[in-house]
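This report concerns only the one structure given below.
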Amino acid sequence: MKVTHGQILARGLANHCPNCGGNRLFKAGTLFELNDGCPDCGLKFEKDEGFFLGAMSLNYGVTLVAYLVPVLLLWYGGVLGGRVAVGLACGGSLVVPMLLYRSSRSWQLMLYYSFFPHHLPANRRELGGTEDENV
Ligand SMILES: [Zn+2]
C-alpha cells in the first residue's frame, strides 16, 4: 500500500489531504469553505451528500468531552461558581466548535480513509485500478 495507515492518521491530524499530503483542504483566504477536491491530486473530499455529517458529530463529541465535561466537573467540584460555569459553557459551546471546524472535517476524512485506505486513488493505482474511478 502506497499510503499507509500511519500517513493517513498523520495527514488527518495535520489537516492535509489524505491521498497526497497536500496542504489545501480549504479554499485560500477562507476559514470554513472546503475545496471540492484536492488541488494537488484531485481527490474529491465529499464522497456523497451528507458525508461531513460525521464531522459535525466529531466536533460535537470533542467539544462535549474535552470542554463541557471539564467545565461541569469544575463546577461540581466547587472550583467554578455557577454563573461562571454557565458562562463558560455557553460561550464555549459557540466558540469551541468554530475552532474545531476545520480539524473536524479533516478528522472525518482521516477516519473514512483509515477504514477504507483502498479507496484512496494513490492506493488504487498500486492495486491496478484506474486513476479516475470514484475520485
Ligand atoms: Zn491531494
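To be explicit about the labels: the chains of the C-alpha cells are called A, B, and onward in the order shown, and within each one the residues are counted from 1, while ligands get numbers from 1 in the order they are shown.
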
Find the spatial neighbours of range 37-53 of chain A, counting only C-alpha atoms, within a cut-off of 8 Å - ignore same-chain residues fewer than 6 positions away - and output them as a list in words.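 My reading of the contact set: Cys17, Asn19, Cys20, Gly22, Arg24, Leu25, Arg105, Gln108, Leu109, Leu120, Pro121 and Val135 of chain A.
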
Can those selected residues be exported to a file as an mmCIF file, in the first residue's frame so that it contains N, CA and C atoms?
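Output (again-v6.cif):
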```cif
data_model
loop_
_atom_site.group_PDB
_atom_site.id
_atom_site.type_symbol
_atom_site.label_atom_id
_atom_site.label_comp_id
_atom_site.auth_asym_id
_atom_site.auth_seq_id
_atom_site.Cartn_x
_atom_site.Cartn_y
_atom_site.Cartn_z
ATOM 1 N N CYS A 17 -4.345 16.670 2.902
ATOM 2 C CA CYS A 17 -5.038 15.711 2.041
ATOM 3 C C CYS A 17 -4.588 14.290 2.392
ATOM 4 N N ASN A 19 -4.666 11.690 0.581
ATOM 5 C CA ASN A 19 -4.089 10.995 -0.571
ATOM 6 C C ASN A 19 -2.655 11.426 -0.860
ATOM 7 N N CYS A 20 -2.435 12.744 -0.945
ATOM 8 C CA CYS A 20 -1.108 13.221 -1.353
ATOM 9 C C CYS A 20 -0.378 13.998 -0.262
ATOM 10 N N GLY A 22 -1.103 17.041 0.518
ATOM 11 C CA GLY A 22 -1.160 18.469 0.189
ATOM 12 C C GLY A 22 -1.870 19.256 1.281
ATOM 13 N N ARG A 24 -3.993 21.852 1.200
ATOM 14 C CA ARG A 24 -5.009 22.785 0.717
ATOM 15 C C ARG A 24 -6.405 22.164 0.780
ATOM 16 N N LEU A 25 -6.809 21.723 1.978
ATOM 17 C CA LEU A 25 -8.162 21.210 2.132
ATOM 18 C C LEU A 25 -9.182 22.327 1.969
ATOM 19 N N ARG A 105 -13.386 18.395 9.940
ATOM 20 C CA ARG A 105 -13.507 17.957 8.540
ATOM 21 C C ARG A 105 -12.354 17.024 8.169
ATOM 22 N N GLN A 108 -12.767 13.669 9.821
ATOM 23 C CA GLN A 108 -13.738 12.827 9.122
ATOM 24 C C GLN A 108 -13.079 12.115 7.935
ATOM 25 N N LEU A 109 -12.307 12.875 7.155
ATOM 26 C CA LEU A 109 -11.586 12.259 6.036
ATOM 27 C C LEU A 109 -10.603 11.212 6.549
ATOM 28 N N LEU A 120 -8.392 5.303 -1.559
ATOM 29 C CA LEU A 120 -7.514 6.397 -1.971
ATOM 30 C C LEU A 120 -6.980 6.122 -3.367
ATOM 31 N N PRO A 121 -7.032 7.110 -4.251
ATOM 32 C CA PRO A 121 -6.519 6.887 -5.615
ATOM 33 C C PRO A 121 -5.060 6.418 -5.622
ATOM 34 N N VAL A 135 -13.107 9.075 -7.866
ATOM 35 C CA VAL A 135 -12.187 10.010 -7.206
ATOM 36 C C VAL A 135 -12.958 11.142 -6.585
#
```

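The neighbours of Leu13 in chain A here are the residues that come within 10 Å of it, using only C-alpha atoms and leaving out any residue fewer than 3 positions away in the same chain; they are A:Gln7, A:Ile8, A:Leu9, A:Ala10, A:His16, A:Pro18, A:Ser103, A:Ser104, A:Ser106, A:Trp107, A:Met110.
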
Selection to disk with N, CA and C atoms, as a tab-separated table (two decimals), in the first residue's frame:
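Saved result, result_1.tsv, follows:
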```
chain	number	residue	atom	x	y	z
A	7	GLN	N	0.37	7.27	7.72
A	7	GLN	CA	0.34	8.51	6.93
A	7	GLN	C	-1.05	9.12	6.90
A	8	ILE	N	-2.06	8.27	6.79
A	8	ILE	CA	-3.44	8.77	6.79
A	8	ILE	C	-3.74	9.48	8.11
A	9	LEU	N	-3.34	8.86	9.22
A	9	LEU	CA	-3.58	9.48	10.53
A	9	LEU	C	-2.80	10.78	10.68
A	10	ALA	N	-1.53	10.77	10.30
A	10	ALA	CA	-0.71	11.97	10.42
A	10	ALA	C	-1.25	13.10	9.56
A	16	HIS	N	-4.21	17.81	6.33
A	16	HIS	CA	-3.68	17.69	4.99
A	16	HIS	C	-4.49	16.65	4.21
A	18	PRO	N	-5.54	13.37	2.60
A	18	PRO	CA	-5.14	12.00	2.94
A	18	PRO	C	-4.44	11.26	1.80
A	103	SER	N	-10.53	21.21	11.69
A	103	SER	CA	-9.95	19.93	12.09
A	103	SER	C	-10.96	18.80	12.00
A	104	SER	N	-12.22	19.09	12.36
A	104	SER	CA	-13.21	18.02	12.34
A	104	SER	C	-13.46	17.53	10.91
A	106	SER	N	-11.18	17.42	8.61
A	106	SER	CA	-10.01	16.60	8.32
A	106	SER	C	-10.07	15.27	9.06
A	107	TRP	N	-10.56	15.29	10.30
A	107	TRP	CA	-10.70	14.05	11.06
A	107	TRP	C	-11.68	13.11	10.40
A	110	MET	N	-9.92	11.53	7.64
A	110	MET	CA	-8.94	10.60	8.21
A	110	MET	C	-9.62	9.30	8.64
```

Find the residues around Leu80 in chain A up to 12 Å (only C-alpha atoms counted), leave out those fewer than 6 positions away in its own chain, and share them as a PyMOL selection string. chain A and resi 70-74+86-89

CA of His5 in chain A and CA of Pro117 in chain A are how many Å apart?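 Atom-to-atom, CA of His5 in chain A to CA of Pro117 in chain A, that is 7.3 Å.
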